[in-house]
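K.L.:
Before I ask anything, let me first share the structure, which is written out below as structure tokens.
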Amino acid sequence: MPEFAIGADDFLLDGKPHQIISGAMHYFRVHPEQWADRIRKARLMGLNTIETYVAWNAHAPRRGEFITDGGLDLGRYLSLIAAEGMHAIVRPGPYICAEWDNGGLPAWLLRDAAVRPRSSEPTYLDAVTEFLRQVYEIVAPLQVQHGGPVVLVQIENEYGAYGDDKDYLAELVRVTRESGITLPLTTIDQPVPEMLEAGRLPGLHMTASFGSRSVERLATLREFQPTGPLMCMEFWDGWFDSWGTHHHTTSAEQSASDLDALLAAGGSVNLYMFHGGTNFGLTNGANHKGRYLPITTSYDYDAPLDEAGNPTEKYFAFRDVIAKYAPVPDEQPAASAPALAFDVPLEVTASLLAVEAQLGERRAHHDLPTFDELHHDRGLALYSTQLEGDGGAGILSFGEVRDRAWLFLDGVPVGVLSRDAHERVLALPAARGELTVLVEDQGRVDYGTRIGEEKGLIGGARLDGVPITGWSVTPLDLERVPGVATASLRGGYLPAAADAPAAPVAGPVLAHASFTLGAATDLFLDTSAWGKGFAWINDFALGRYWRRGPQQTLYVPGPATRDGVNELVVLELDVFTGAGASFVDRPSLGHTEV
């Protein structure tokens, strides 16, 4: 069987120098029926390795669970990489960042006040150990020396930017080794002396993350690691997008030049990303460095292979560079064809407030609970209380809104409070009546000290300075929405004002459309005429949309569609300005300048 090791200057494959030319592709961001296609296109670009994180919170949404089927079948993913004749790098964290909800850490873990994430605190380490052993049960038999594809495993992730608990890193190494991982273990940090020093540990091979000035950054890494191969474990060839900003792009020519310099210096590389994919469902993370910025549904990343799996200008520019240093197959991916473009009528089927009982269980609370106190990890919750003011106007305030709240008084919309605008106070037209608050968690922070913070309405509520008590709260199960929307087609859950389908419709409402396809195929759903919400195709959660942009389409993976009748369901929280759903022939990820 092959052997993989670290030599004096190079990685060694069966004792011979080996340059890793890898690309990042997260299995949990790609429909599993498209894994093989994307992996093959990686090989055709000249890559010899695929790298992936492992998202702990995706595999273990509840303590004691570890899901490994469907889109979370890591073993199948690694086996497909092997079948393509490629190697694999696995980065199980446990913290991954990745612009992923909570940086991959489960919300249930951080509800325990004793837990100190990313440290040697015992409660945290106990859960981490359980998780890593489950991951390594899959990975250990697939190490290259056992005939599998895996050649490297990473310990933690850019830890030097967060802490310097060497006991924590040592414990991760101990669990990894005891779980049968005998391959070289790596760390990754930005090539800044303080970060490299904080994140290092004897016996672990250091790698760096950067996207430019390759020779300079490799020199900094070499100062901290005099021997062994140089590697950029994250070569940033693009960037992610946040709602309310712009679509980030980078020059294919400049990125190719920086890649050329890196490979010419003898460095190994992992392109971050080769194929970004999509934050399907409610999986996106958020950043907060003074202002809360949730990540978009698209994780296209301006990568060589775009969100729909099509090669870009950057793909071919990188391919030409790689061909100077390694064999590149003669075969090239076929050019993409425009997607089908068509319109279908969209029928509003139910008011969300009218079907609350079908989406969750209402419970009474004296004080205002957070999502985490409800053990509600993601999505939406409805809060209701009776205001007993004198009927005049009033000032409603919350400690903090995380992350967006729609407010209704006796069912009539009275305003919106948003975290990104630091809003938490609203003038009510009357201080009497039923107050309903629909709260959306827009994604948990994935980087920095805010990881694990609570969601929902924080710090209670006050009316004219007086605490409000006596709440009923319904955490909403969004997985039920498609079934409820379809069952409500003629269920009488709509106010009379919504009977005219051509008029704009105020949310929150559920809507439904049917359309027929001759075969399963990729589609792009145009959301530009809608406000803010979520969409499903045949019960497959496409993710969030928001008129704020930059993203104006949602990618529909072909395997989520079918030959025959297909069902589209939308949960609109703001306002539908159009009466239909449009599918367009290409994606629109938004403006690239501000």
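By convention here, the chains of the structure tokens are called A, B, ... in the order presented, each chain's residues are numbered starting at 1, and ligands are numbered starting at 1 in the order presented.
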Hey, what's within 12 Å of A:Glu178 if we count only C-alpha atoms and toss same-chain stuff fewer than 2 positions away? As a list in words, please?
P.N.:
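Listed by chain and then number, they are Thr129, Leu132, Arg133, Tyr136, Glu137, Ala140, Glu171, Leu172, Val173, Arg174, Val175, Thr176, Gly180, Ile181 and Thr182 of chain A.
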K.L.:
For stretch 161-168 of chain A, list every protein, DNA or RNA residue within 12 Å, evaluated using only C-alpha atoms, and leave out those in the same chain fewer than 5 positions away; present the list as a ChimeraX atom specification.
P.N.:
/A:94-95,97,116-122,124-126,128-129,155-156,173-175,188-202,204,209,447-451
K.L.:
Go through A:Leu282, A:Leu457, A:Ala303, A:Leu293 and flag the residue nearest A:Gly533, using only C-alpha atoms for the distances.
P.N.:
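Closest to A:Gly533 of all the choices is A:Leu282.
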K.L.:
Can you pull out the residues contacting A:Trp243? Cut-off 8 Å, using only C-alpha atoms, and skip same-chain residues under 3 positions away; I want them as a VMD selection string.
P.N.:
chain A and resid 246 293 to 296 546 548 to 551
K.L.:
Take the residues from that selection and put them in a file with N, CA and C atoms, as a JSON list (two decimals), in the first residue's frame.
P.N.:
[["chain", "number", "residue", "atom", "x", "y", "z"],
["A", 246, "HIS", "N", -21.79, 43.34, -1.39],
["A", 246, "HIS", "CA", -21.71, 43.14, -2.82],
["A", 246, "HIS", "C", -21.15, 41.75, -3.10],
["A", 293, "LEU", "N", -23.32, 40.67, 10.11],
["A", 293, "LEU", "CA", -23.44, 40.47, 8.66],
["A", 293, "LEU", "C", -23.64, 38.98, 8.38],
["A", 294, "PRO", "N", -24.88, 38.55, 8.12],
["A", 294, "PRO", "CA", -25.12, 37.15, 7.78],
["A", 294, "PRO", "C", -24.64, 36.81, 6.38],
["A", 295, "ILE", "N", -24.16, 35.59, 6.20],
["A", 295, "ILE", "CA", -23.63, 35.12, 4.93],
["A", 295, "ILE", "C", -24.79, 34.75, 4.00],
["A", 296, "THR", "N", -24.59, 34.98, 2.70],
["A", 296, "THR", "CA", -25.63, 34.65, 1.72],
["A", 296, "THR", "C", -25.80, 33.14, 1.56],
["A", 546, "TRP", "N", -33.35, 37.27, -0.09],
["A", 546, "TRP", "CA", -33.56, 38.59, 0.50],
["A", 546, "TRP", "C", -33.37, 39.63, -0.58],
["A", 548, "ARG", "N", -32.55, 42.50, -0.36],
["A", 548, "ARG", "CA", -31.38, 43.32, -0.06],
["A", 548, "ARG", "C", -30.19, 42.96, -0.93],
["A", 549, "GLY", "N", -30.11, 41.69, -1.37],
["A", 549, "GLY", "CA", -29.01, 41.27, -2.21],
["A", 549, "GLY", "C", -27.71, 41.12, -1.44],
["A", 550, "PRO", "N", -26.61, 40.87, -2.16],
["A", 550, "PRO", "CA", -26.48, 41.00, -3.62],
["A", 550, "PRO", "C", -27.14, 39.87, -4.42],
["A", 551, "GLN", "N", -27.27, 38.70, -3.83],
["A", 551, "GLN", "CA", -27.78, 37.52, -4.53],
["A", 551, "GLN", "C", -29.24, 37.72, -4.92]]
K.L.:
Can you list, as an mmCIF file with C-alpha atoms, in the first residue's frame, every protein, DNA or RNA residue that comes within 7 Å of stretch 569-574 of chain A when you count only C-alpha atoms, leaving out same-chain residues fewer than 5 positions away?
P.N.:
data_model
loop_
_atom_site.group_PDB
_atom_site.id
_atom_site.type_symbol
_atom_site.label_atom_id
_atom_site.label_comp_id
_atom_site.auth_asym_id
_atom_site.auth_seq_id
_atom_site.Cartn_x
_atom_site.Cartn_y
_atom_site.Cartn_z
ATOM 1 C CA PRO A 482 -43.781 22.453 2.414
ATOM 2 C CA ALA A 485 -48.317 24.967 2.332
ATOM 3 C CA ALA A 506 -47.935 41.204 2.666
ATOM 4 C CA GLY A 507 -46.244 38.456 4.627
ATOM 5 C CA PRO A 508 -45.736 36.365 6.489
ATOM 6 C CA VAL A 509 -47.415 33.932 4.086
ATOM 7 C CA LEU A 510 -46.880 30.516 2.543
ATOM 8 C CA ALA A 511 -47.126 30.156 -1.231
ATOM 9 C CA HIS A 512 -47.103 27.283 -3.693
ATOM 10 C CA ALA A 513 -46.480 26.696 -7.395
ATOM 11 C CA GLY A 531 -38.951 40.325 -0.129
ATOM 12 C CA LYS A 532 -37.295 38.000 2.363
ATOM 13 C CA GLY A 533 -37.862 34.360 3.105
ATOM 14 C CA PHE A 534 -37.146 30.723 2.316
ATOM 15 C CA ALA A 535 -37.815 28.447 -0.658
ATOM 16 C CA TRP A 536 -38.169 24.685 -1.198
ATOM 17 C CA ILE A 537 -38.294 22.514 -4.329
#
K.L.:
DSSP on the backbone: which residues in stretch 295-543 of chain A end up as helix (DSSP H, G or I)? Give the answer as a PyMOL selection string.
P.N.:
chain A and resi 313-322+352-359+419-421+478-487+496-499
K.L.:
Mind dumping a table of every stretch 83-130 of chain A residue within 9 Å of stretch 48-69 of chain A, with the nearest atom pair and its distance in Å to one decimal, using only C-alpha atoms, sorted by chain and rising number, as CSV?
P.N.:
residue,atom,partner,partner_atom,distance
A:Gly85,CA,A:Asn48,CA,7.9
A:Met86,CA,A:Asn48,CA,5.1
A:His87,CA,A:Thr49,CA,4.4
A:Ala88,CA,A:Ile50,CA,4.8
A:Ile89,CA,A:Glu51,CA,4.5
A:Val90,CA,A:Thr52,CA,5.4
A:Arg91,CA,A:Tyr53,CA,4.5
A:Pro92,CA,A:Val54,CA,4.6
A:Gly93,CA,A:Val54,CA,7.0
A:Pro94,CA,A:Trp56,CA,6.7
A:Tyr95,CA,A:Trp56,CA,8.1
A:Ile96,CA,A:Tyr53,CA,6.6
A:Ala98,CA,A:Tyr53,CA,8.1
A:Trp100,CA,A:Ala55,CA,8.2
A:Asp101,CA,A:Asn57,CA,8.3
A:Asn102,CA,A:Asn57,CA,8.3
A:Gly103,CA,A:Ala55,CA,8.2
A:Gly104,CA,A:Ala55,CA,4.9
A:Leu105,CA,A:Asn57,CA,5.5
A:Pro106,CA,A:Asn57,CA,4.4
A:Ala107,CA,A:Asn57,CA,7.5
A:Trp108,CA,A:Arg62,CA,6.7
A:Leu109,CA,A:Arg63,CA,7.8
A:Ala127,CA,A:Arg63,CA,8.6
A:Glu130,CA,A:Gly64,CA,8.9
K.L.:
Those residues you just picked out, can you put them in a file as a PDB file, in the first residue's frame with N, CA and C atoms?
P.N.:
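This is the output file part_29.pdb:
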ATOM      1  N   GLY A  85      -9.146   8.494  -8.530  1.00  0.00           N
ATOM      2  CA  GLY A  85      -7.692   8.422  -8.506  1.00  0.00           C
ATOM      3  C   GLY A  85      -7.046   9.598  -7.796  1.00  0.00           C
ATOM      4  N   MET A  86      -7.777  10.236  -6.875  1.00  0.00           N
ATOM      5  CA  MET A  86      -7.277  11.412  -6.182  1.00  0.00           C
ATOM      6  C   MET A  86      -7.087  11.129  -4.692  1.00  0.00           C
ATOM      7  N   HIS A  87      -6.330  12.003  -4.042  1.00  0.00           N
ATOM      8  CA  HIS A  87      -6.151  11.942  -2.597  1.00  0.00           C
ATOM      9  C   HIS A  87      -7.131  12.882  -1.910  1.00  0.00           C
ATOM     10  N   ALA A  88      -7.168  12.809  -0.565  1.00  0.00           N
ATOM     11  CA  ALA A  88      -8.077  13.642   0.216  1.00  0.00           C
ATOM     12  C   ALA A  88      -7.377  14.182   1.456  1.00  0.00           C
ATOM     13  N   ILE A  89      -7.755  15.393   1.843  1.00  0.00           N
ATOM     14  CA  ILE A  89      -7.352  16.006   3.107  1.00  0.00           C
ATOM     15  C   ILE A  89      -8.624  16.225   3.912  1.00  0.00           C
ATOM     16  N   VAL A  90      -8.618  15.798   5.169  1.00  0.00           N
ATOM     17  CA  VAL A  90      -9.793  15.932   6.031  1.00  0.00           C
ATOM     18  C   VAL A  90      -9.469  16.902   7.160  1.00  0.00           C
ATOM     19  N   ARG A  91     -10.355  17.881   7.342  1.00  0.00           N
ATOM     20  CA  ARG A  91     -10.172  18.881   8.401  1.00  0.00           C
ATOM     21  C   ARG A  91     -11.423  18.874   9.290  1.00  0.00           C
ATOM     22  N   PRO A  92     -11.393  18.055  10.351  1.00  0.00           N
ATOM     23  CA  PRO A  92     -12.595  17.872  11.168  1.00  0.00           C
ATOM     24  C   PRO A  92     -12.799  18.909  12.262  1.00  0.00           C
ATOM     25  N   GLY A  93     -11.928  19.904  12.340  1.00  0.00           N
ATOM     26  CA  GLY A  93     -12.095  20.932  13.357  1.00  0.00           C
ATOM     27  C   GLY A  93     -11.622  20.463  14.719  1.00  0.00           C
ATOM     28  N   PRO A  94     -12.510  20.522  15.736  1.00  0.00           N
ATOM     29  CA  PRO A  94     -13.972  20.584  15.689  1.00  0.00           C
ATOM     30  C   PRO A  94     -14.550  21.936  15.266  1.00  0.00           C
ATOM     31  N   TYR A  95     -13.773  22.997  15.400  1.00  0.00           N
ATOM     32  CA  TYR A  95     -14.208  24.299  14.891  1.00  0.00           C
ATOM     33  C   TYR A  95     -13.711  24.438  13.459  1.00  0.00           C
ATOM     34  N   ILE A  96     -14.602  24.854  12.540  1.00  0.00           N
ATOM     35  CA  ILE A  96     -14.187  24.947  11.140  1.00  0.00           C
ATOM     36  C   ILE A  96     -14.326  26.350  10.555  1.00  0.00           C
ATOM     37  N   ALA A  98     -15.477  28.471   8.175  1.00  0.00           N
ATOM     38  CA  ALA A  98     -16.090  28.101   6.893  1.00  0.00           C
ATOM     39  C   ALA A  98     -17.320  28.914   6.536  1.00  0.00           C
ATOM     40  N   TRP A 100     -19.871  29.002   8.082  1.00  0.00           N
ATOM     41  CA  TRP A 100     -20.907  28.020   8.370  1.00  0.00           C
ATOM     42  C   TRP A 100     -21.506  28.326   9.740  1.00  0.00           C
ATOM     43  N   ASP A 101     -22.770  28.043   9.908  1.00  0.00           N
ATOM     44  CA  ASP A 101     -23.486  28.346  11.135  1.00  0.00           C
ATOM     45  C   ASP A 101     -22.701  27.907  12.369  1.00  0.00           C
ATOM     46  N   ASN A 102     -22.405  28.889  13.252  1.00  0.00           N
ATOM     47  CA  ASN A 102     -21.714  28.632  14.520  1.00  0.00           C
ATOM     48  C   ASN A 102     -20.309  28.066  14.327  1.00  0.00           C
ATOM     49  N   GLY A 103     -19.741  28.258  13.129  1.00  0.00           N
ATOM     50  CA  GLY A 103     -18.412  27.722  12.864  1.00  0.00           C
ATOM     51  C   GLY A 103     -18.350  26.213  12.963  1.00  0.00           C
ATOM     52  N   GLY A 104     -19.530  25.562  12.821  1.00  0.00           N
ATOM     53  CA  GLY A 104     -19.590  24.106  12.885  1.00  0.00           C
ATOM     54  C   GLY A 104     -19.853  23.554  14.275  1.00  0.00           C
ATOM     55  N   LEU A 105     -19.753  24.385  15.315  1.00  0.00           N
ATOM     56  CA  LEU A 105     -19.984  23.893  16.670  1.00  0.00           C
ATOM     57  C   LEU A 105     -21.488  23.779  16.932  1.00  0.00           C
ATOM     58  N   PRO A 106     -21.943  22.689  17.538  1.00  0.00           N
ATOM     59  CA  PRO A 106     -23.376  22.509  17.773  1.00  0.00           C
ATOM     60  C   PRO A 106     -23.913  23.515  18.788  1.00  0.00           C
ATOM     61  N   ALA A 107     -25.094  24.043  18.537  1.00  0.00           N
ATOM     62  CA  ALA A 107     -25.708  24.983  19.474  1.00  0.00           C
ATOM     63  C   ALA A 107     -25.987  24.312  20.814  1.00  0.00           C
ATOM     64  N   TRP A 108     -26.351  23.029  20.779  1.00  0.00           N
ATOM     65  CA  TRP A 108     -26.666  22.335  22.035  1.00  0.00           C
ATOM     66  C   TRP A 108     -25.458  22.278  22.967  1.00  0.00           C
ATOM     67  N   LEU A 109     -24.285  22.206  22.409  1.00  0.00           N
ATOM     68  CA  LEU A 109     -23.072  22.114  23.223  1.00  0.00           C
ATOM     69  C   LEU A 109     -22.846  23.407  23.999  1.00  0.00           C
ATOM     70  N   ALA A 127     -17.269  16.337  24.847  1.00  0.00           N
ATOM     71  CA  ALA A 127     -18.109  16.312  23.642  1.00  0.00           C
ATOM     72  C   ALA A 127     -17.251  16.230  22.386  1.00  0.00           C
ATOM     73  N   GLU A 130     -16.033  12.681  21.785  1.00  0.00           N
ATOM     74  CA  GLU A 130     -17.104  11.848  21.223  1.00  0.00           C
ATOM     75  C   GLU A 130     -17.239  12.093  19.719  1.00  0.00           C
TER      76      GLU A 130
END
K.L.:
Could you check which of A:Pro338, A:Gly7, A:Pro141, A:Gly452 is closest to A:Thr521, using only C-alpha atoms?
P.N.:
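The closest residue to A:Thr521 is A:Pro338.
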K.L.:
Pick out each residue of stretch 414-486 of chain A that DSSP on the backbone tags as strand (DSSP E or B); I need them as an MDAnalysis selection string.
P.N.:
chainID A and resid 414:418 425:428 432:441 445 456:463 466:467 471:476
K.L.:
Would you please work out which residue, of A:Ser179, A:Ser255, A:Ser298, A:Gln358, is nearest to A:Thr474 when using only C-alpha atoms?
P.N.:
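Distance minimum relative to A:Thr474 lands on A:Gln358.
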K.L.:
Can you work out which one of A:His275, A:His375, A:His248, A:Arg402 has the shortest atom-to-atom distance to A:Asp112, counting only C-alpha atoms?
P.N.:
A:His375
K.L.:
Might you pull out every residue within 12 Å of stretch 383-387 of chain A, with only C-alpha atoms counted and same-chain residues fewer than 3 positions away left off, and present them as a ChimeraX atom specification?
P.N.:
/A:353,356,361-371,374,380,390-396,405-411,428,430-440,456-457,460-464,466-476
K.L.:
Got a sec: who's within 8 Å of A:Pro559, counting only C-alpha atoms, leaving out chain neighbours fewer than 4 positions off, as number ranges by chain?
P.N.:
A: 31, 33-34, 520-522
K.L.:
Residues at most 10 Å from A:Val269, counting only C-alpha atoms, excluding those fewer than 6 positions away in the same chain, as a list in words?
P.N.:
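Those residues are Gln19, Ile20, Ile21, Ser22, Gly23, Leu47, Thr49, Thr207, Ala208, Ser209, Leu230, Met231, Cys232, Met233, Glu234, Phe235, Leu259, Leu262 and Leu263 of chain A.
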K.L.:
Can you tell me how far atom CA of A:Leu542 sits from atom CA of A:Ser418, in Å to one decimal?
P.N.:
23.3 Å
K.L.:
What is the distance, in Å and to one decimal place, between atom CA of A:Trp530 and atom CA of A:Phe576?
P.N.:
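Taking atom CA of A:Trp530 as the start and atom CA of A:Phe576 as the end point, the length is 4.8 Å.
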